[in-house]
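Chemist: Coordinates in query_18.pdb, PDB, C-alpha atoms, are listed below.
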```
ATOM      1  CA  MET C   1       0.000   0.000   0.000
ATOM      2  CA  PRO C   2       1.302   3.473  -0.805
ATOM      3  CA  ILE C   3       2.124   5.670   2.161
ATOM      4  CA  LEU C   4      -0.816   8.005   2.626
ATOM      5  CA  GLU C   5       0.413  11.403   3.653
ATOM      6  CA  HIS C   6      -1.906  13.154   6.102
ATOM      7  CA  SER C   7      -2.736  15.867   3.567
ATOM      8  CA  GLN C   8      -2.864  13.612   0.513
ATOM      9  CA  GLU C   9      -6.161  12.778  -1.146
ATOM     10  CA  PRO C  10      -6.707   8.963  -1.276
ATOM     11  CA  SER C  11      -7.457   9.121  -5.010
ATOM     12  CA  MET C  12      -3.993  10.631  -5.541
ATOM     13  CA  CYS C  13      -2.514   7.631  -3.699
ATOM     14  CA  ALA C  14      -4.519   5.361  -6.020
ATOM     15  CA  ILE C  15      -3.124   7.182  -9.059
ATOM     16  CA  VAL C  16       0.428   6.620  -7.830
ATOM     17  CA  ARG C  17      -0.388   2.991  -6.936
ATOM     18  CA  PHE C  18      -1.344   2.344 -10.579
ATOM     19  CA  GLY C  19       1.719   3.970 -12.072
ATOM     20  CA  GLY C  20       0.336   7.441 -12.685
ATOM     21  CA  ARG C  21       1.701  10.812 -11.661
ATOM     22  CA  ASP C  22       0.244  12.769  -8.746
ATOM     23  CA  ILE C  23      -0.811  15.931 -10.594
ATOM     24  CA  ASP C  24      -2.856  18.729  -9.035
ATOM     25  CA  PRO C  25      -6.056  19.065 -11.103
ATOM     26  CA  TYR C  26      -6.274  22.744 -10.171
ATOM     27  CA  SER C  27      -3.068  23.431 -12.085
ATOM     28  CA  PHE C  28      -5.221  23.039 -15.240
ATOM     29  CA  HIS C  29      -7.942  25.200 -16.672
ATOM     30  CA  PRO C  30     -11.344  23.438 -16.366
ATOM     31  CA  GLU C  31     -11.397  22.927 -20.154
ATOM     32  CA  ASP C  32      -8.024  21.124 -20.038
ATOM     33  CA  PHE C  33      -9.270  17.817 -18.658
ATOM     34  CA  GLN C  34      -7.600  15.868 -21.493
ATOM     35  CA  ARG C  35      -4.249  17.510 -20.721
ATOM     36  CA  TYR C  36      -4.721  16.535 -17.069
ATOM     37  CA  LEU C  37      -5.376  12.880 -17.996
ATOM     38  CA  ASP C  38      -2.349  12.879 -20.311
ATOM     39  CA  ARG C  39      -0.088  14.294 -17.585
ATOM     40  CA  VAL C  40      -1.362  11.769 -15.027
ATOM     41  CA  GLY C  41      -0.505   8.992 -17.475
ATOM     42  CA  VAL C  42      -3.880   7.652 -18.622
ATOM     43  CA  ARG C  43      -3.200   5.968 -21.960
ATOM     44  CA  PHE C  44      -6.311   4.274 -23.297
ATOM     45  CA  PHE C  45      -9.192   6.559 -22.301
ATOM     46  CA  THR C  46     -10.030  10.108 -23.311
ATOM     47  CA  ALA C  47     -11.705  13.030 -21.614
ATOM     48  CA  ARG C  48     -14.393  12.867 -24.283
ATOM     49  CA  GLU C  49     -15.226   9.264 -23.324
ATOM     50  CA  LEU C  50     -15.332  10.137 -19.653
ATOM     51  CA  VAL C  51     -17.704  13.093 -19.935
ATOM     52  CA  ALA C  52     -20.011  11.750 -22.665
ATOM     53  CA  PRO C  53     -23.412  10.854 -21.216
ATOM     54  CA  HIS C  54     -24.276   7.214 -21.888
ATOM     55  CA  ASN C  55     -27.948   8.104 -22.172
ATOM     56  CA  GLN C  56     -27.688  11.140 -24.411
ATOM     57  CA  LYS C  57     -31.442  11.666 -24.644
ATOM     58  CA  VAL C  58     -31.883  11.966 -20.875
ATOM     59  CA  ALA C  59     -28.931  14.348 -20.683
ATOM     60  CA  ALA C  60     -30.198  16.434 -23.608
ATOM     61  CA  ASP C  61     -33.691  16.637 -22.059
ATOM     62  CA  MET C  62     -31.984  18.165 -19.002
ATOM     63  CA  GLY C  63     -29.936  20.569 -21.122
ATOM     64  CA  LEU C  64     -26.674  18.662 -20.608
ATOM     65  CA  THR C  65     -24.308  17.925 -23.476
ATOM     66  CA  TYR C  66     -21.546  16.453 -21.336
ATOM     67  CA  LEU C  67     -21.173  15.418 -17.693
ATOM     68  CA  MET C  68     -18.135  17.076 -16.119
ATOM     69  CA  PRO C  69     -17.641  16.721 -12.367
ATOM     70  CA  PRO C  70     -15.935  19.299 -10.171
ATOM     71  CA  GLN C  71     -12.165  19.463 -10.721
ATOM     72  CA  LYS C  72     -11.493  18.136  -7.229
ATOM     73  CA  TRP C  73     -12.995  14.806  -8.425
ATOM     74  CA  TRP C  74     -10.877  14.466 -11.587
ATOM     75  CA  PRO C  75      -8.306  12.271  -9.776
ATOM     76  CA  ARG C  76     -11.032   9.706  -9.017
ATOM     77  CA  GLY C  77     -11.712   9.188 -12.705
ATOM     78  CA  ALA C  78      -8.004   9.192 -13.539
ATOM     79  CA  ALA C  79      -7.286   6.508 -10.922
ATOM     80  CA  ILE C  80     -10.040   4.230 -12.248
ATOM     81  CA  CYS C  81      -8.903   4.848 -15.843
ATOM     82  CA  LEU C  82      -5.418   3.701 -14.841
ATOM     83  CA  ILE C  83      -6.982   0.429 -13.668
ATOM     84  CA  GLY C  84      -8.791   0.334 -17.017
ATOM     85  CA  ASP C  85      -5.402   0.774 -18.699
ATOM     86  CA  ILE C  86      -4.289  -2.397 -16.891
ATOM     87  CA  PHE C  87      -7.346  -4.219 -18.280
ATOM     88  CA  ARG C  88      -6.540  -2.981 -21.777
ATOM     89  CA  LYS C  89      -2.908  -4.121 -21.595
ATOM     90  CA  LYS C  90      -3.816  -7.578 -20.286
ATOM     91  CA  ILE C  91      -6.658  -8.127 -22.748
ATOM     92  CA  ASP C  92      -4.856  -6.561 -25.718
ATOM     93  CA  TYR C  93      -8.184  -5.407 -27.095
ATOM     94  CA  PRO C  94     -10.174  -2.174 -26.635
ATOM     95  CA  VAL C  95     -12.132  -1.760 -23.409
ATOM     96  CA  TYR C  96     -15.093   0.586 -23.569
ATOM     97  CA  LEU C  97     -15.999   3.130 -20.948
ATOM     98  CA  ARG C  98     -19.748   3.609 -20.575
ATOM     99  CA  ASN C  99     -20.405   5.711 -17.468
ATOM    100  CA  TRP C 100     -18.321   7.846 -15.168
ATOM    101  CA  TYR C 101     -19.856  10.885 -13.487
ATOM    102  CA  ARG C 102     -23.635  11.274 -13.349
ATOM    103  CA  PRO C 103     -25.144  14.217 -11.484
ATOM    104  CA  THR C 104     -28.147  13.327  -9.343
ATOM    105  CA  CYS C 105     -30.834  14.461 -11.821
ATOM    106  CA  PRO C 106     -29.855  12.179 -14.698
ATOM    107  CA  ASN C 107     -28.740   9.451 -12.279
ATOM    108  CA  TYR C 108     -32.235   9.173 -10.767
ATOM    109  CA  ASN C 109     -34.001   9.174 -14.136
ATOM    110  CA  ALA C 110     -35.694   5.791 -14.658
ATOM    111  CA  ALA C 111     -34.222   5.494 -18.179
ATOM    112  CA  VAL C 112     -30.699   5.688 -16.711
ATOM    113  CA  GLY C 113     -31.288   3.135 -13.971
ATOM    114  CA  GLY C 114     -29.014   4.791 -11.404
ATOM    115  CA  VAL C 115     -29.464   3.935  -7.754
ATOM    116  CA  GLU C 116     -29.563   6.136  -4.682
ATOM    117  CA  ASN C 117     -26.074   6.728  -3.272
ATOM    118  CA  SER C 118     -24.521   5.645  -6.565
ATOM    119  CA  ALA C 119     -20.747   6.052  -6.698
ATOM    120  CA  HIS C 120     -21.281   7.671 -10.118
ATOM    121  CA  ILE C 121     -22.750  10.741  -8.344
ATOM    122  CA  THR C 122     -19.347  11.460  -6.778
ATOM    123  CA  ALA C 123     -17.328  10.494  -9.883
ATOM    124  CA  SER C 124     -15.992   7.460  -7.986
ATOM    125  CA  ALA C 125     -17.168   4.787 -10.438
ATOM    126  CA  ILE C 126     -16.772   3.774 -14.044
ATOM    127  CA  ASP C 127     -18.672   1.110 -15.953
ATOM    128  CA  PHE C 128     -16.474  -0.795 -18.393
ATOM    129  CA  ASP C 129     -17.767  -2.902 -21.272
ATOM    130  CA  PHE C 130     -15.813  -5.762 -22.822
ATOM    131  CA  ARG C 131     -16.141  -7.481 -26.180
ATOM    132  CA  THR C 132     -16.369 -10.970 -24.696
ATOM    133  CA  LYS C 133     -17.056 -12.697 -21.397
ATOM    134  CA  ASN C 134     -13.474 -13.903 -21.419
ATOM    135  CA  HIS C 135     -12.214 -10.312 -21.630
ATOM    136  CA  ARG C 136     -14.459  -9.447 -18.654
ATOM    137  CA  ARG C 137     -13.082 -12.462 -16.765
ATOM    138  CA  ILE C 138      -9.503 -11.243 -17.276
ATOM    139  CA  ALA C 139     -10.444  -7.792 -15.943
ATOM    140  CA  GLU C 140     -12.361  -9.382 -13.069
ATOM    141  CA  THR C 141      -9.214 -11.293 -12.075
ATOM    142  CA  VAL C 142      -7.268  -8.011 -11.988
ATOM    143  CA  VAL C 143      -9.866  -6.369  -9.742
ATOM    144  CA  ARG C 144     -10.197  -9.371  -7.419
ATOM    145  CA  ARG C 145      -6.421  -9.337  -6.904
ATOM    146  CA  LEU C 146      -6.600  -5.637  -6.040
ATOM    147  CA  TRP C 147      -9.503  -6.389  -3.679
ATOM    148  CA  THR C 148      -7.202  -8.741  -1.776
ATOM    149  CA  SER C 149      -3.902  -6.847  -1.995
ATOM    150  CA  ASP C 150      -5.174  -3.275  -1.508
ATOM    151  CA  PRO C 151      -8.162  -3.206   0.874
ATOM    152  CA  TRP C 152      -7.550   0.537   1.428
ATOM    153  CA  LEU C 153      -8.953   1.103  -2.091
ATOM    154  CA  LYS C 154     -12.419   0.074  -0.831
ATOM    155  CA  ILE C 155     -13.264  -1.436  -4.205
ATOM    156  CA  GLY C 156     -16.861  -1.848  -5.286
ATOM    157  CA  LEU C 157     -17.171  -4.454  -8.023
ATOM    158  CA  GLY C 158     -20.369  -5.105  -9.962
ATOM    159  CA  LEU C 159     -20.146  -7.984 -12.426
ATOM    160  CA  GLY C 160     -22.220  -8.509 -15.559
ATOM    161  CA  ALA C 161     -21.780 -10.802 -18.540
ATOM    162  CA  LYS C 162     -19.527  -8.381 -20.435
ATOM    163  CA  THR C 163     -19.558  -5.470 -17.989
ATOM    164  CA  ILE C 164     -17.754  -4.403 -14.837
ATOM    165  CA  HIS C 165     -18.882  -1.579 -12.591
ATOM    166  CA  LEU C 166     -15.775  -0.456 -10.699
ATOM    167  CA  ASP C 167     -15.815   2.050  -7.897
ATOM    168  CA  ILE C 168     -13.027   2.971  -5.522
ATOM    169  CA  LEU C 169     -12.696   4.662  -2.156
ATOM    170  CA  GLN C 170     -16.388   4.227  -1.368
ATOM    171  CA  ARG C 171     -17.297   0.892   0.241
ATOM    172  CA  ARG C 172     -15.914  -2.616  -0.206
ATOM    173  CA  ARG C 173     -18.526  -4.757  -1.892
ATOM    174  CA  ILE C 174     -19.002  -7.208  -4.718
ATOM    175  CA  TRP C 175     -22.285  -7.969  -6.452
ATOM    176  CA  GLU C 176     -23.473  -9.745  -9.575
ATOM    177  CA  TYR C 177     -25.936  -8.505 -12.145
ATOM    178  CA  PRO C 178     -28.430 -11.086 -13.463
ATOM    179  CA  SER C 179     -26.396 -11.469 -16.686
ATOM    180  CA  TYR C 180     -23.240 -12.553 -14.819
ATOM    181  CA  SER C 181     -21.806 -16.028 -15.213
ATOM    182  CA  LYS C 182     -18.340 -17.205 -14.312
TER     183      LYS C 182
END
```
Show me the file's structure as structure tokens.
Modeler:
Amino acid sequence: MPILEHSQEPSMCAIVRFGGRDIDPYSFHPEDFQRYLDRVGVRFFTARELVAPHNQKVAADMGLTYLMPPQKWWPRGAAICLIGDIFRKKIDYPVYLRNWYRPTCPNYNAAVGGVENSAHITASAIDFDFRTKNHRRIAETVVRRLWTSDPWLKIGLGLGAKTIHLDILQRRRIWEYPSYSK
């Protein structure tokens, strides 16, 4: 486990744990989210993917074209993307990012299917989609190893057939969606 300095944000420790650089998000203009991700070391995911609403109709009905969290939460997304980078390297095939931050209004819309107290509301979760069940199994193995080796990450792991919901620094839990099979 990385040494957590008293003043250091846990998501910054997670970034360092996964090989990224501890970069202050406030050293960037709010429109420079991609530059922030690049400097942290995220390789396989873009700012555009992170802020694109999965359910574009619900977002558009609420006047939202993208879903950008407060800058103080950028490190949460970067840390999870670095885990996603590990998936991508192990699978050697694209991994798709479906959901990151969802403000409460779109999160609670029935068409979105978000739950109360969702980690997406605090930009602490990302849903990843995989081409095959085997790809999801490889990523699941990575996360289960982290679950064991790094309990301080407080990993939340939701498992579907070709999907993983991954949240960090919230509450340790694992659940299966109805589509999940080993």
Chemist: May I have the residues within 8 Å of Arg171 in chain C as a PyMOL selection string, using all atoms listed in the file and disregarding those fewer than 4 positions away in the same chain?
Modeler: chain C and resi 154-156
Chemist: How many Å separate CA of Thr46 in chain C from CA of Tyr177 in chain C?
Modeler: 26.9 Å
Chemist: Around the point (-19.9, 6.3, -9.7) in the file's coordinates, collect all residues with an atom within 9 Å, using all atoms listed in the file, and return them as a list in words.
Modeler: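 Returned residue set, sorted by chain then number, is Asn99, Trp100, Tyr101, Arg102, Asn117, Ser118, Ala119, His120, Ile121, Thr122, Ala123, Ser124, Ala125, Ile126, Asp127, His165, Leu166, Asp167 and Ile168 of chain C.
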Chemist: Only C-alpha atoms, please: the residues just picked out, written as a PDB file, in the coordinates of the input.
Modeler:
```pdb
ATOM      1  CA  ASN C  99     -20.405   5.711 -17.468  1.00  0.00           C
ATOM      2  CA  TRP C 100     -18.321   7.846 -15.168  1.00  0.00           C
ATOM      3  CA  TYR C 101     -19.856  10.885 -13.487  1.00  0.00           C
ATOM      4  CA  ARG C 102     -23.635  11.274 -13.349  1.00  0.00           C
ATOM      5  CA  ASN C 117     -26.074   6.728  -3.272  1.00  0.00           C
ATOM      6  CA  SER C 118     -24.521   5.645  -6.565  1.00  0.00           C
ATOM      7  CA  ALA C 119     -20.747   6.052  -6.698  1.00  0.00           C
ATOM      8  CA  HIS C 120     -21.281   7.671 -10.118  1.00  0.00           C
ATOM      9  CA  ILE C 121     -22.750  10.741  -8.344  1.00  0.00           C
ATOM     10  CA  THR C 122     -19.347  11.460  -6.778  1.00  0.00           C
ATOM     11  CA  ALA C 123     -17.328  10.494  -9.883  1.00  0.00           C
ATOM     12  CA  SER C 124     -15.992   7.460  -7.986  1.00  0.00           C
ATOM     13  CA  ALA C 125     -17.168   4.787 -10.438  1.00  0.00           C
ATOM     14  CA  ILE C 126     -16.772   3.774 -14.044  1.00  0.00           C
ATOM     15  CA  ASP C 127     -18.672   1.110 -15.953  1.00  0.00           C
ATOM     16  CA  HIS C 165     -18.882  -1.579 -12.591  1.00  0.00           C
ATOM     17  CA  LEU C 166     -15.775  -0.456 -10.699  1.00  0.00           C
ATOM     18  CA  ASP C 167     -15.815   2.050  -7.897  1.00  0.00           C
ATOM     19  CA  ILE C 168     -13.027   2.971  -5.522  1.00  0.00           C
TER      20      ILE C 168
END
```
Chemist: Quick one: distance from CA of Thr65 in chain C to CA of Arg48 in chain C in Å, one decimal?
Modeler: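 According to the coordinates, CA of Thr65 in chain C and CA of Arg48 in chain C are separated by 11.2 Å.
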Chemist: Counting all atoms listed in the file, what is within 9 Å of Met68 in chain C, bar same-chain residues fewer than 5 positions away, as a ChimeraX atom specification?
Modeler: /C:50-52,74,101-103
Chemist: Next, write the just-selected residues to a file, as a PDB file, keeping the file's coordinate frame, keeping C-alpha atoms as the atom set.
Modeler:
```pdb
ATOM      1  CA  LEU C  50     -15.332  10.137 -19.653  1.00  0.00           C
ATOM      2  CA  VAL C  51     -17.704  13.093 -19.935  1.00  0.00           C
ATOM      3  CA  ALA C  52     -20.011  11.750 -22.665  1.00  0.00           C
ATOM      4  CA  TRP C  74     -10.877  14.466 -11.587  1.00  0.00           C
ATOM      5  CA  TYR C 101     -19.856  10.885 -13.487  1.00  0.00           C
ATOM      6  CA  ARG C 102     -23.635  11.274 -13.349  1.00  0.00           C
ATOM      7  CA  PRO C 103     -25.144  14.217 -11.484  1.00  0.00           C
TER       8      PRO C 103
END
```
Chemist: Decode the PyMOL selection byres ((chain C and resi 134) around 12) for the given file into explicit residues and return them as a PyMOL selection string.
Modeler: chain C and resi 87+90-91+93+129-133+135-141+160-163+180-182
Chemist: If you measure from CA of Thr148 in chain C to CA of Arg172 in chain C, what distance in Å do you get, rounded to one decimal?
Modeler: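 We find that CA of Thr148 in chain C and CA of Arg172 in chain C lie 10.8 Å from each other.
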Chemist: Tell me, as a compact mmCIF listing (two decimals) with C-alpha atoms, in the frame of the given file, which residues lie within 7 Å of range 28-34 of chain C, counting all atoms listed in the file; anything in the same chain fewer than 2 positions away does not count.
Modeler:
```txt
# COMPACT_ATOMS: atom_id res chain seq x y z
CA PRO C 25 -6.06 19.07 -11.10
CA TYR C 26 -6.27 22.74 -10.17
CA TYR C 36 -4.72 16.54 -17.07
CA LEU C 37 -5.38 12.88 -18.00
CA ASP C 38 -2.35 12.88 -20.31
CA THR C 46 -10.03 10.11 -23.31
CA ALA C 47 -11.70 13.03 -21.61
CA GLN C 71 -12.16 19.46 -10.72
```
Chemist: Report, as JSON, the centre and edge lengths in Å (one decimal) of the axis-aligned box enclosing every listed atom of range 81-88 of chain C, padded by 6 Å on each side.
Modeler:
```
{"center_x": -6.6, "center_y": 0.3, "center_z": -17.7, "size_x": 16.6, "size_y": 21.1, "size_z": 20.1}
```
Chemist: Measuring between only C-alpha atoms, which one of C:Gln8, C:Arg98, C:Ile86, C:Gly20 shows the shortest distance to Gln56 in chain C?
Modeler: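 Comparing C:Gln8, C:Arg98, C:Ile86, C:Gly20 against Gln56 in chain C, the winner is C:Arg98.
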Chemist: As a PyMOL selection string, please: the residues near Leu153 in chain C (cut-off 8 Å, all atoms listed in the file, same-chain neighbours under 6 positions excluded).
Modeler: chain C and resi 14+147+168-169
Chemist: Could you name the residues that touch Ile15 in chain C at 8 Å or less, counting only C-alpha atoms, but leaving out those on the same chain fewer than 2 positions away, as a list of chain:residue names?
Modeler: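 My reading of the contact set: C:Ser11, C:Met12, C:Cys13, C:Arg17, C:Phe18, C:Gly19, C:Gly20, C:Arg21, C:Asp22, C:Val40, C:Pro75, C:Ala78, C:Ala79, C:Leu82.
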Chemist: Restricting the calculation to only C-alpha atoms, which member of C:Arg88, C:Arg43, C:Arg144, C:Arg76 is positioned closest to Arg173 in chain C?
Modeler: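 For Arg173 in chain C, the nearest of the given residues is C:Arg144.
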